[in-house]
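Visitor: My structure is below; once you've seen it, I'll send some questions.
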There are 2 protein chains.
Amino acid sequence: MSALEILSRDPGSQARAGVLHTAHGDVRTPAFVPLATKATVKGLEPRDVAALGYDMVLGNTFHLFLDPGHERIGRFGGLHRFMRWDGPIITDSGGFQVFSMGHGTVADEIKGRAPQGADRAGAILAIEEEGVRFRSYLNGEERFMAPETSMEVQAALGSDLALVFDECTPFHVTRDYTARSTERTHRWLTRCLDWHAEHGPEGQLVYGIVQGGVYEDLRRESTEAVATSAVDGVAIGGSLGDRKAQIYEVTGWVTRDLDALAPDKPRHLLGIGEIDDLIRGVELGIDHFDCAMPTRIGRHGMALVPDPDHRWRVDLTAARWKDDETPIMEDCPCPCCAAGFSRGYLRYLLKARELTGLRLLTLHNLAFVQRVMTDLREAILAGALAETAAALRAGASPGLSARG
Amino acid sequence: MSALEILSRDPGSQARAGVLHTAHGDVRTPAFVPLATKATVKGLEPRDVAALGYDMVLGNTFHLFLDPGHERIGRFGGLHRFMRWDGPIITDSGGFQVFSMGHGTVADEIKGRAPQGADRAGAILAIEEEGVRFRSYLNGEERFMAPETSMEVQAALGSDLALVFDECTPFHVTRDYTARSTERTHRWLTRCLDWHAEHGPEGQLVYGIVQGGVYEDLRRESTEAVATSAVDGVAIGGSLGDRKAQIYEVTGWVTRDLDALAPDKPRHLLGIGEIDDLIRGVELGIDHFDCAMPTRIGRHGMALVPDPDHRWRVDLTAARWKDDETPIMEDCPCPCCAAGFSRGYLRYLLKARELTGLRLLTLHNLAFVQRVMTDLREAILAGALAETAAALRAGASPGLSARG
């Protein structure tokens, strides 16, 4: 039986709304999953995240493996107890972070988050059939991660959703490399599932990861390989292209085949989460998303606003806000706007590097994304996704469903 | 009529408990006043500060004068509206910060708070009868602050309690320098009161500042000068000595005379706030205190605990907490301990420089201090200060009054 209970399917698209049942409770889908990379959503407490309406957070296998170590978190009783988040947790496999180092294109996420990070001290040493050898960005120590290691780490963390260890194929490699890499990912999928069948914690769901780069035949082969395996859900990873149209096309190849091969299995889109991506992703049948965007841009002084022409963003560090007395959004119920903090005040805090500024923008941005997701979900349940998606794309303020 | 309504006096000491009435509401005294140096208690929102039980915060005239500027905050409708704190606000005069630069002994507060700060770029250029000329630590610009400037800034900020501009006499200067400096402070007191009488915002209370270093005759002369002027309250500033015994002795000279000269006027002790200092200060008849200690040490990974032998502090960044599953304090109702965050988890967050760690320790430390103050106040009201003070000094967990 699928962990995903689908309550409604949109007749005009592949979108579905439902409830994902996990060992630590339910996740209303489609859902955005905030990053708790290092066992915390940066600047927030778990009670803040819950108050924003989020059901699930994502912990980072790679970072937690290096520090404080999964054995330690295991001794604390797992990641839930360690970070005091009682709800569902998804853990990525670590593949993305490991391979970001290896291919020399360190992901924004790592760049943004670790000034002492991978681009300075970390390095991949060898990619072998057995696994990946790399140098820790924390202390230069040599470490090894195999598919079994990743599953073992995620077992110790005790996440509700574990992702299998994959080679995260980058964009600039050849078709031939992508094909060989994707095949290895499939062999690693089998090893992960074998390990999990024997050692995995009870109730932990396992998602396979579809790779295949931007090549339709490889993506479809990978989709079939994952969908027909013993996975509980399917994640879509790797490079999906360098333009939005291509990202959506590649995602569509996968979800179209999934609609045929595994229509009820939950689907996660890895690392994609701009506002327009979330809308399109939902239409393409994605059930949950994670992305650093709302929290990371918040810490860089960007706030989400209903302005599609500017990627739904406004830069609050700009000088033009110095004397601005209006909140980020007039009609926003988030803790930042509802308290009446002005753009001028927020700009001052951000320029002065005050922690409170980072926190307030994080709260606002996560609240914004949550309202977008709630609108999309309510629209699917009400059979009105097309109208809601069109309104949001045209710059409607999210929270439509709450306003009735 | 005094703004301070004294509800009870302790028969065994100079302690008093009461309510300070201000334009933005009441402050239960004795009270600790958290620092909102740059228009925010670092890492917290106003709702957090209020939820901890604090009635008043302290904004910094010097820092806000330089950035974003008092004219700008004035255009926002004042500091309350700017930072969205509806309760009472006290603003210091800027004297402490200005003179910290001039005497070459940059205060911990500035060192701790401004890495690009006064010790690098700021410098005093001239101390004259008219005022002080200095270089901004932000951009090297030459600025001037006279007593009238300080009052004008505080008028624009619209604080409920303004402090007069004083020369904050340091510890290492001669008796002769201290005497001359204290006399100038008294002349500046008059200028501040004159300016305020003509231009000050209605309802803004003005506190004079007693200087005089560690010299009994100078302190007593200064006490008389301030107490017999038209001030609404009295603050005790400058160097009080380099040992606790001396600090308490000097404070006692002042409050003993105040008991005779101005028994009903509220009294503020500037920049002093270790746990034992708060207890002794209350016994000496202080009504409110400000200090960077609880918030600053929190951001450096120190948590307050009922451990008098270690200055009520524990360093949570120490390796020995790596695997510790206990909270900072078992019986602590603060948002950090009540949620069950372990010392091991907090250590991890602090070492990883996660913002959430700084926030959680700030919350814990401010909650701890607030319980100490509440215990002392309740004890005075109940006629049992001696017992409560003895218990707290012996390492009792604060919150005695709440436990009955």
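Convention: chains lettered A, B, ... in structure tokens order; per-chain residue numbering from 1; ligands numbered from 1 as shown.
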Mind checking which residues fall within 7 Å of region 349-366 of chain B, counting only C-alpha atoms, ignoring those fewer than 5 positions away in the same chain, and posting them as a list in words?
Guide: Lys42, Gly43, Leu44 and Glu45 of chain A; Gly43, Leu44, Pro294, Thr295, Gly298, Arg299, Gly301, Ala303, Leu304, Thr317, Cys334, Pro335 and Cys336 of chain B
Visitor: Got time to write the residues from that selection, N, CA and C atoms, as a CSV table (one decimal), in the first residue's frame?
Guide:
```csv
chain,number,residue,atom,x,y,z
A,42,LYS,N,17.5,27.3,9.9
A,42,LYS,CA,18.4,28.4,10.4
A,42,LYS,C,17.7,29.6,11.0
A,43,GLY,N,17.9,29.8,12.3
A,43,GLY,CA,17.3,31.0,12.9
A,43,GLY,C,16.0,30.7,13.6
A,44,LEU,N,15.4,29.5,13.3
A,44,LEU,CA,14.1,29.2,13.8
A,44,LEU,C,14.1,28.1,14.8
A,45,GLU,N,13.1,28.0,15.6
A,45,GLU,CA,12.9,26.9,16.5
A,45,GLU,C,11.9,26.0,15.8
B,43,GLY,N,18.5,38.7,17.9
B,43,GLY,CA,18.0,37.4,17.6
B,43,GLY,C,16.6,37.2,18.0
B,44,LEU,N,16.0,38.1,18.8
B,44,LEU,CA,14.7,38.0,19.3
B,44,LEU,C,13.7,39.0,18.6
B,294,PRO,N,23.6,38.9,29.9
B,294,PRO,CA,22.9,37.7,29.6
B,294,PRO,C,22.8,37.4,28.1
B,295,THR,N,22.6,38.5,27.3
B,295,THR,CA,22.5,38.3,25.9
B,295,THR,C,23.9,38.1,25.2
B,298,GLY,N,25.4,34.7,26.0
B,298,GLY,CA,24.6,33.7,25.3
B,298,GLY,C,25.1,33.5,23.9
B,299,ARG,N,25.4,34.6,23.2
B,299,ARG,CA,25.9,34.6,21.9
B,299,ARG,C,27.3,34.0,21.8
B,301,GLY,N,28.0,31.4,23.7
B,301,GLY,CA,27.9,30.0,24.1
B,301,GLY,C,27.8,29.7,25.6
B,303,ALA,N,25.7,29.7,29.1
B,303,ALA,CA,24.4,29.7,29.6
B,303,ALA,C,24.4,30.0,31.1
B,304,LEU,N,23.4,30.7,31.5
B,304,LEU,CA,23.2,30.9,33.0
B,304,LEU,C,22.6,29.7,33.7
B,317,THR,N,30.0,25.4,24.8
B,317,THR,CA,30.9,25.0,23.6
B,317,THR,C,31.9,24.0,24.0
B,334,CYS,N,12.0,28.0,30.5
B,334,CYS,CA,12.3,28.9,29.3
B,334,CYS,C,12.0,28.1,28.0
B,335,PRO,N,11.9,28.8,26.9
B,335,PRO,CA,11.6,28.1,25.6
B,335,PRO,C,12.6,27.1,25.2
B,336,CYS,N,13.8,27.3,25.6
B,336,CYS,CA,14.9,26.4,25.2
B,336,CYS,C,14.8,25.1,26.1
```
Visitor: Counting only C-alpha atoms, which of A:Glu202, A:Glu129, A:Asp277, A:Asp160 gets nearest to Pro147 (chain A)?
Guide: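 Under the stated criterion, the closest residue is A:Glu129.
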Visitor: Tell me which of A:Asp290, A:Ala123, A:Asp10, A:Asp259 sits closest to Ala386 (chain A), counting only C-alpha atoms.
Guide: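 Using only C-alpha atoms, the shortest distance to Ala386 (chain A) belongs to A:Asp10.
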Visitor: When distances are computed from only C-alpha atoms, which of B:Ala394, B:Val231, B:Leu79, B:Leu157 shows the smallest separation from chain A?
Guide: B:Leu79
Visitor: Mind checking which residues fall within 9 Å of Pro88 (chain A), counting only C-alpha atoms, ignoring those fewer than 2 positions away in the same chain, and posting them as a PyMOL selection string?
Guide: chain A and resi 22-27+55-58+80+85-86+90+159-161
Visitor: Taking only C-alpha atoms into account, which of B:Ala225, B:Ala179, B:Leu66, B:Ala146 comes nearest Arg191 (chain B)?
Guide: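 Among B:Ala225, B:Ala179, B:Leu66, B:Ala146, it is B:Ala146 that comes nearest to Arg191 (chain B).
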Visitor: Suppose you want the space between CA of Asn60 (chain B) and CA of Val19 (chain B); what is it in Å?
Guide: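 Interatomic distance, CA of Asn60 (chain B) to CA of Val19 (chain B): 23.4 Å.
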Visitor: Within region 166-321 of chain A, find each residue whose DSSP state, derived from the backbone, is helix (DSSP H, G or I), and express the selection as a PyMOL selection string.
Guide: chain A and resi 175-199+216-227+244-261+275-283+293-299+308-310+319-321
Visitor: Measuring atom to atom with only C-alpha atoms, identify which of B:Gly69, B:Pro308, B:Gly252, B:Pro201 is nearest to chain A.
Guide: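 Using only C-alpha atoms, the shortest distance to chain A belongs to B:Gly69.
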Visitor: DSSP on the backbone, then: every residue of region 4-210 of chain B marked strand (DSSP E or B), written as a ChimeraX atom specification.
Guide: /B:4-9,16-22,25-29,31-33,35-36,57-59,89-91,123-127,132-135,142-145,161-163,205-210
Visitor: Pull N, CA and C atoms from the residues just selected and write them as a short mmCIF file (atom, residue, chain, number, x, y, z; two decimals), in the first residue's frame.
Guide:
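The new file selection_35.cif reads:
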```cif
data_model
loop_
_atom_site.label_atom_id
_atom_site.label_comp_id
_atom_site.auth_asym_id
_atom_site.auth_seq_id
_atom_site.Cartn_x
_atom_site.Cartn_y
_atom_site.Cartn_z
N LEU B 4 7.95 56.67 40.13
CA LEU B 4 8.06 55.36 40.79
C LEU B 4 7.06 55.28 41.95
N GLU B 5 6.21 54.29 41.89
CA GLU B 5 5.30 54.02 42.98
C GLU B 5 5.88 52.87 43.79
N ILE B 6 6.34 53.20 44.99
CA ILE B 6 6.97 52.16 45.80
C ILE B 6 5.89 51.42 46.58
N LEU B 7 5.82 50.12 46.36
CA LEU B 7 4.77 49.32 46.99
C LEU B 7 5.23 48.73 48.31
N SER B 8 6.54 48.49 48.41
CA SER B 8 7.03 47.85 49.63
C SER B 8 8.51 48.13 49.79
N ARG B 9 8.92 48.34 51.03
CA ARG B 9 10.34 48.51 51.32
C ARG B 9 10.78 47.37 52.23
N ARG B 16 13.59 48.09 47.56
CA ARG B 16 12.21 48.51 47.39
C ARG B 16 11.62 47.79 46.20
N ALA B 17 10.33 47.53 46.26
CA ALA B 17 9.62 46.96 45.12
C ALA B 17 8.51 47.91 44.75
N GLY B 18 8.27 48.06 43.46
CA GLY B 18 7.25 49.00 43.06
C GLY B 18 6.87 48.90 41.62
N VAL B 19 6.34 49.99 41.12
CA VAL B 19 5.94 50.08 39.72
C VAL B 19 6.40 51.44 39.20
N LEU B 20 7.12 51.41 38.10
CA LEU B 20 7.54 52.66 37.46
C LEU B 20 6.53 52.98 36.36
N HIS B 21 5.91 54.13 36.47
CA HIS B 21 4.89 54.51 35.48
C HIS B 21 5.54 55.33 34.37
N THR B 22 5.39 54.87 33.15
CA THR B 22 5.98 55.60 32.01
C THR B 22 4.89 55.85 30.96
N GLY B 25 3.55 52.62 29.54
CA GLY B 25 3.15 51.54 30.42
C GLY B 25 4.04 51.40 31.63
N ASP B 26 3.73 50.40 32.42
CA ASP B 26 4.38 50.21 33.71
C ASP B 26 5.55 49.24 33.64
N VAL B 27 6.51 49.48 34.52
CA VAL B 27 7.63 48.56 34.68
C VAL B 27 7.62 48.09 36.13
N ARG B 28 7.53 46.80 36.29
CA ARG B 28 7.57 46.25 37.65
C ARG B 28 9.02 46.28 38.13
N THR B 29 9.24 46.88 39.29
CA THR B 29 10.61 47.02 39.81
C THR B 29 10.77 46.26 41.11
N ALA B 31 13.81 45.71 38.34
CA ALA B 31 13.72 45.14 37.00
C ALA B 31 15.08 45.07 36.34
N PHE B 32 15.27 44.05 35.54
CA PHE B 32 16.41 44.02 34.63
C PHE B 32 15.90 44.50 33.27
N VAL B 33 16.71 45.25 32.56
CA VAL B 33 16.32 45.82 31.27
C VAL B 33 17.23 45.24 30.19
N LEU B 35 19.15 44.65 26.68
CA LEU B 35 19.66 45.59 25.69
C LEU B 35 19.04 45.35 24.32
N ALA B 36 18.51 46.44 23.77
CA ALA B 36 18.11 46.44 22.36
C ALA B 36 18.98 47.50 21.70
N VAL B 57 12.92 47.75 27.50
CA VAL B 57 14.20 47.45 26.86
C VAL B 57 15.02 48.74 26.78
N LEU B 58 16.31 48.59 26.48
CA LEU B 58 17.19 49.75 26.41
C LEU B 58 17.78 49.91 25.01
N GLY B 59 17.51 51.04 24.40
CA GLY B 59 18.09 51.36 23.09
C GLY B 59 19.32 52.23 23.24
N ILE B 89 10.68 52.17 26.88
CA ILE B 89 12.05 52.11 26.38
C ILE B 89 12.90 53.12 27.15
N ILE B 90 14.06 52.68 27.59
CA ILE B 90 15.05 53.60 28.14
C ILE B 90 16.15 53.76 27.08
N THR B 91 16.64 54.97 26.91
CA THR B 91 17.80 55.17 26.04
C THR B 91 18.95 55.71 26.88
N ALA B 123 37.27 56.84 16.90
CA ALA B 123 38.29 57.49 17.72
C ALA B 123 37.72 58.81 18.22
N ILE B 124 38.10 59.16 19.43
CA ILE B 124 37.69 60.46 19.94
C ILE B 124 38.70 61.49 19.42
N LEU B 125 38.20 62.66 19.06
CA LEU B 125 39.09 63.68 18.52
C LEU B 125 39.32 64.81 19.51
N ALA B 126 38.28 65.16 20.26
CA ALA B 126 38.44 66.24 21.24
C ALA B 126 37.31 66.18 22.26
N ILE B 127 37.66 66.33 23.54
CA ILE B 127 36.66 66.49 24.59
C ILE B 127 36.73 67.96 25.01
N VAL B 132 31.74 66.59 22.59
CA VAL B 132 32.79 65.66 22.17
C VAL B 132 32.77 65.48 20.67
N ARG B 133 33.96 65.59 20.11
CA ARG B 133 34.13 65.37 18.68
C ARG B 133 34.76 64.00 18.49
N PHE B 134 34.21 63.21 17.59
CA PHE B 134 34.74 61.85 17.41
C PHE B 134 34.55 61.40 15.98
N ARG B 135 35.20 60.31 15.67
CA ARG B 135 35.12 59.73 14.34
C ARG B 135 34.18 58.53 14.38
N GLU B 142 33.54 62.52 10.71
CA GLU B 142 33.67 63.27 11.95
C GLU B 142 32.29 63.64 12.46
N ARG B 143 32.02 63.36 13.72
CA ARG B 143 30.71 63.68 14.32
C ARG B 143 30.92 64.43 15.61
N PHE B 144 29.88 65.10 16.05
CA PHE B 144 29.97 65.89 17.27
C PHE B 144 28.76 65.58 18.15
N MET B 145 29.00 65.35 19.42
CA MET B 145 27.89 65.16 20.33
C MET B 145 28.05 66.06 21.55
N LEU B 161 12.35 56.90 29.00
CA LEU B 161 13.36 57.35 29.96
C LEU B 161 14.58 57.76 29.17
N ALA B 162 14.97 59.03 29.33
CA ALA B 162 16.20 59.50 28.69
C ALA B 162 17.26 59.69 29.77
N LEU B 163 18.50 59.45 29.42
CA LEU B 163 19.60 59.69 30.35
C LEU B 163 20.36 60.92 29.89
N LEU B 205 10.67 60.86 30.77
CA LEU B 205 11.38 61.05 32.03
C LEU B 205 12.86 61.25 31.76
N VAL B 206 13.52 62.07 32.58
CA VAL B 206 14.95 62.29 32.43
C VAL B 206 15.67 61.85 33.70
N TYR B 207 16.66 61.02 33.52
CA TYR B 207 17.49 60.58 34.64
C TYR B 207 18.85 61.28 34.57
N GLY B 208 19.30 61.83 35.70
CA GLY B 208 20.66 62.32 35.80
C GLY B 208 21.61 61.15 36.05
N ILE B 209 22.89 61.39 35.86
CA ILE B 209 23.88 60.32 36.08
C ILE B 209 24.90 60.76 37.12
N VAL B 210 25.02 59.95 38.15
CA VAL B 210 26.00 60.20 39.21
C VAL B 210 27.35 59.66 38.76
#
```
